[in-house]
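Trainee: Have a look at this one.
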Amino acid sequence: MTTTSAASASTLAASLAETGYLADEGLATIAYLAMAMERPLLLEGEPGTGKTAMAEAIAEAYKLPLIRLQCYEGIDAAQALYDWDFTAQILHLRSVEAGGGNLSTAELEKSLYDERFLLARPILKALQQSPAVLLIDEIDRADDEFEAFLLEVLSTYQVSIPEFGTVKAATPPIVVLTSNRTRDLHDALKRRCLYHWIDHPGLAREVAIVRTRLPDVPALLAEQVVRAVQQIRATDDVMKPPGVAETLDWARALHLLGSPTLDLEAAAASIGALCKYREDTTRVSATLARILG
């Protein structure tokens, strides 16, 4: 067990709750096991269900640096791992020449690939700074080759830099991968991880989340907002069902408008905090009267 591991799933859940993140028993258990077994944690689910926030909460709970790698189409190993500061290397070379240095070719090459010229990208930075939380966000947006690269790094928690040597984490970082499941990940990567699907919370838990994260929002308004959002999610009319993040945005927006309860006028005026697509805004606005009725 790492020094940053919780004693149990319940103590982890309690630590996360202190940051404002309310993890259910299933999520707290699998996160505890991932930390205790020093295995990456793969979280899948709809956007806005709290996958990224889970990594942020772990970092906050254990006072660890959060190092985030945002994946995107075309990302490669160099952008995730390391690069060399070419400009600084050239300046160093000119400085050596100007000083009349009599270094051998081998000595000069070694000085060019010194650690001070090494630009650490998120994965290398996490290995160097660990204990840390490494968040690999939206891995489903990357391609197969990048998945294969990650598999190798996450199996050994070390990387080999030809010009520099091997960098190995003294303590494996806590690794959280998130996926919105826009495509299926390879079995090899999934086997390396512990897995959990984060679903939208039930009514009571989502109300508790709103009350915890937004304590100034009246209890009645929080419950009305959550009930309305859950009705919207239950329909097949919206392109993107609102996540917990949107529930929080809407509750906060209504509170800022001075609404003690969820009335039709305030709901319509603030709908842009909940729906982020024109089609969804139109459809939800048209049914607000029924939803609030």
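Labels used: A, B, ... for chains in the order of the structure tokens, numbers from 1 for residues in each chain, and numbers from 1 for ligands as shown.
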When you look at Gly20 (chain A) with a cut-off of 12 Å (counting only C-alpha atoms), what residues show up, excluding the ones that are within fewer than 6 positions of it in the same chain? I need them as a list in words.
Mentor: Ala13, Ala14, Gly50, Ala53, Met54, Glu56, Ala57, Ile58, Glu60, Ala61, Ala208, Ile209, Val210, Arg211, Thr212, Arg213, Leu214 and Pro215 of chain A
Trainee: In region 102-180 of chain A, what's alpha helix (DSSP H) per DSSP? Answer as a list in words?
Mentor: Thr105, Ala106, Glu107, Leu108, Glu109, Lys110, Ser111, Leu112, Pro122, Ile123, Leu124, Lys125, Ala126, Leu127, Gln128, Gln129, Asp144, Glu145, Phe146, Glu147, Ala148, Phe149, Leu150, Leu151, Glu152, Val153, Leu154, Ser155 and Thr156 of chain A
Trainee: Distance CA of Leu93 (chain A)-CA of Ile123 (chain A), one decimal place?
Mentor: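 Interatomic distance here is 28.3 Å.
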Trainee: Write out as a list in words which residues come within 9 Å of Ala267 (chain A) when counting only C-alpha atoms, dropping same-chain ones fewer than 2 positions away.
Mentor: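 Counting only C-alpha atoms, the residues come to Trp250, Leu254, Leu262, Asp263, Leu264, Glu265, Ala269, Ser270, Ile271, Ser285 and Leu288 of chain A.
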Trainee: Please write the residues from the selection above to a file, keeping C-alpha atoms, as a compact mmCIF listing (two decimals), in the first residue's frame.
Mentor:
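Saved as out.txt:
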# COMPACT_ATOMS: atom_id res chain seq x y z
CA TRP A 250 -28.01 25.91 -12.99
CA LEU A 254 -30.74 30.60 -10.17
CA LEU A 262 -37.52 27.20 -9.24
CA ASP A 263 -40.12 29.28 -11.07
CA LEU A 264 -40.80 29.29 -14.80
CA GLU A 265 -39.46 32.78 -15.51
CA ALA A 269 -33.87 32.97 -18.23
CA SER A 270 -31.07 30.76 -16.92
CA ILE A 271 -31.54 27.71 -19.15
CA SER A 285 -37.57 25.61 -22.76
CA LEU A 288 -40.40 23.75 -18.70
Trainee: Between A:Arg94, A:His200, A:Arg183, A:Arg227, single out the one closest to Pro241 (chain A), counting only C-alpha atoms.
Mentor: A:His200
Trainee: Please identify the strand (DSSP E) residues within region 150-280 of chain A (assignment by DSSP from backbone atoms) and present them as number ranges by chain.
Mentor: A: 158-161, 165-168, 174-179, 194-198
Trainee: Using Å and a single decimal, report how far CA of Lys168 (chain A) sits from CA of Thr156 (chain A).
Mentor: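 Separation of CA of Thr156 (chain A) and CA of Lys168 (chain A): 8.1 Å.
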Trainee: To one decimal in Å, tell me the separation between CA of Pro47 (chain A) and CA of Thr11 (chain A).
Mentor: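 About the pair CA of Pro47 (chain A) and CA of Thr11 (chain A): they are 26.9 Å apart.
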Trainee: Need to verify the contact set: Thr166 (chain A), 12 Å, only C-alpha atoms, exclusion of same-chain residues closer than 4 positions in sequence. Can you return it as a ChimeraX atom specification?
Mentor: /A:124,127-128,153,156-162
Trainee: Take the residues from that selection and put them in a file with N, CA, C and O atoms, as a PDB file, in the first residue's frame.
Mentor:
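As written to disk, selection.pdb reads:
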ATOM      1  N   LEU A 124       6.157  12.336 -17.674  1.00  0.00           N
ATOM      2  CA  LEU A 124       7.484  12.382 -17.059  1.00  0.00           C
ATOM      3  C   LEU A 124       7.447  13.214 -15.778  1.00  0.00           C
ATOM      4  O   LEU A 124       8.067  12.860 -14.769  1.00  0.00           O
ATOM      5  N   LEU A 127       6.154  11.135 -12.953  1.00  0.00           N
ATOM      6  CA  LEU A 127       7.144  10.175 -12.467  1.00  0.00           C
ATOM      7  C   LEU A 127       8.199  10.873 -11.614  1.00  0.00           C
ATOM      8  O   LEU A 127       8.659  10.325 -10.610  1.00  0.00           O
ATOM      9  N   GLN A 128       8.592  12.074 -12.012  1.00  0.00           N
ATOM     10  CA  GLN A 128       9.619  12.811 -11.274  1.00  0.00           C
ATOM     11  C   GLN A 128       9.102  13.347  -9.951  1.00  0.00           C
ATOM     12  O   GLN A 128       9.828  13.369  -8.956  1.00  0.00           O
ATOM     13  N   VAL A 153       4.162   2.440 -20.275  1.00  0.00           N
ATOM     14  CA  VAL A 153       4.555   3.332 -19.176  1.00  0.00           C
ATOM     15  C   VAL A 153       3.857   2.949 -17.880  1.00  0.00           C
ATOM     16  O   VAL A 153       4.469   2.896 -16.809  1.00  0.00           O
ATOM     17  N   THR A 156       5.223  -0.176 -15.838  1.00  0.00           N
ATOM     18  CA  THR A 156       6.499  -0.133 -15.119  1.00  0.00           C
ATOM     19  C   THR A 156       6.705   1.158 -14.323  1.00  0.00           C
ATOM     20  O   THR A 156       7.597   1.225 -13.483  1.00  0.00           O
ATOM     21  N   TYR A 157       5.895   2.178 -14.618  1.00  0.00           N
ATOM     22  CA  TYR A 157       6.061   3.496 -14.009  1.00  0.00           C
ATOM     23  C   TYR A 157       7.489   4.008 -14.199  1.00  0.00           C
ATOM     24  O   TYR A 157       8.104   4.567 -13.291  1.00  0.00           O
ATOM     25  N   GLN A 158       7.996   3.795 -15.409  1.00  0.00           N
ATOM     26  CA  GLN A 158       9.302   4.312 -15.752  1.00  0.00           C
ATOM     27  C   GLN A 158       9.374   4.566 -17.253  1.00  0.00           C
ATOM     28  O   GLN A 158       8.591   3.996 -18.023  1.00  0.00           O
ATOM     29  N   VAL A 159      10.284   5.441 -17.655  1.00  0.00           N
ATOM     30  CA  VAL A 159      10.489   5.724 -19.076  1.00  0.00           C
ATOM     31  C   VAL A 159      11.990   5.769 -19.329  1.00  0.00           C
ATOM     32  O   VAL A 159      12.777   6.149 -18.459  1.00  0.00           O
ATOM     33  N   SER A 160      12.349   5.359 -20.515  1.00  0.00           N
ATOM     34  CA  SER A 160      13.747   5.378 -20.912  1.00  0.00           C
ATOM     35  C   SER A 160      13.960   6.475 -21.942  1.00  0.00           C
ATOM     36  O   SER A 160      13.307   6.485 -22.988  1.00  0.00           O
ATOM     37  N   ILE A 161      14.859   7.407 -21.623  1.00  0.00           N
ATOM     38  CA  ILE A 161      15.191   8.510 -22.515  1.00  0.00           C
ATOM     39  C   ILE A 161      16.574   8.229 -23.085  1.00  0.00           C
ATOM     40  O   ILE A 161      17.565   8.225 -22.326  1.00  0.00           O
ATOM     41  N   PRO A 162      16.669   7.949 -24.371  1.00  0.00           N
ATOM     42  CA  PRO A 162      17.948   7.499 -24.948  1.00  0.00           C
ATOM     43  C   PRO A 162      19.141   8.376 -24.597  1.00  0.00           C
ATOM     44  O   PRO A 162      20.214   7.872 -24.265  1.00  0.00           O
TER      45      PRO A 162
END
Trainee: Ranking A:Arg39, A:Arg181, A:Arg116, A:Lys63 by minimum distance to Gln89 (chain A) and counting only C-alpha atoms, which one comes first?
Mentor: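 Result for the nearest residue to Gln89 (chain A): A:Arg116.
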Trainee: Set the distance at 12 Å and use only C-alpha atoms: which residues neighbour region 23-36 of chain A once local chain neighbours fewer than 6 positions away are removed? I'd like the list as a PyMOL selection string.
Mentor: chain A and resi 1-17+42-44+49-51+53-55+57-58+62+131-133+171-177+192-202+204-206+208-209
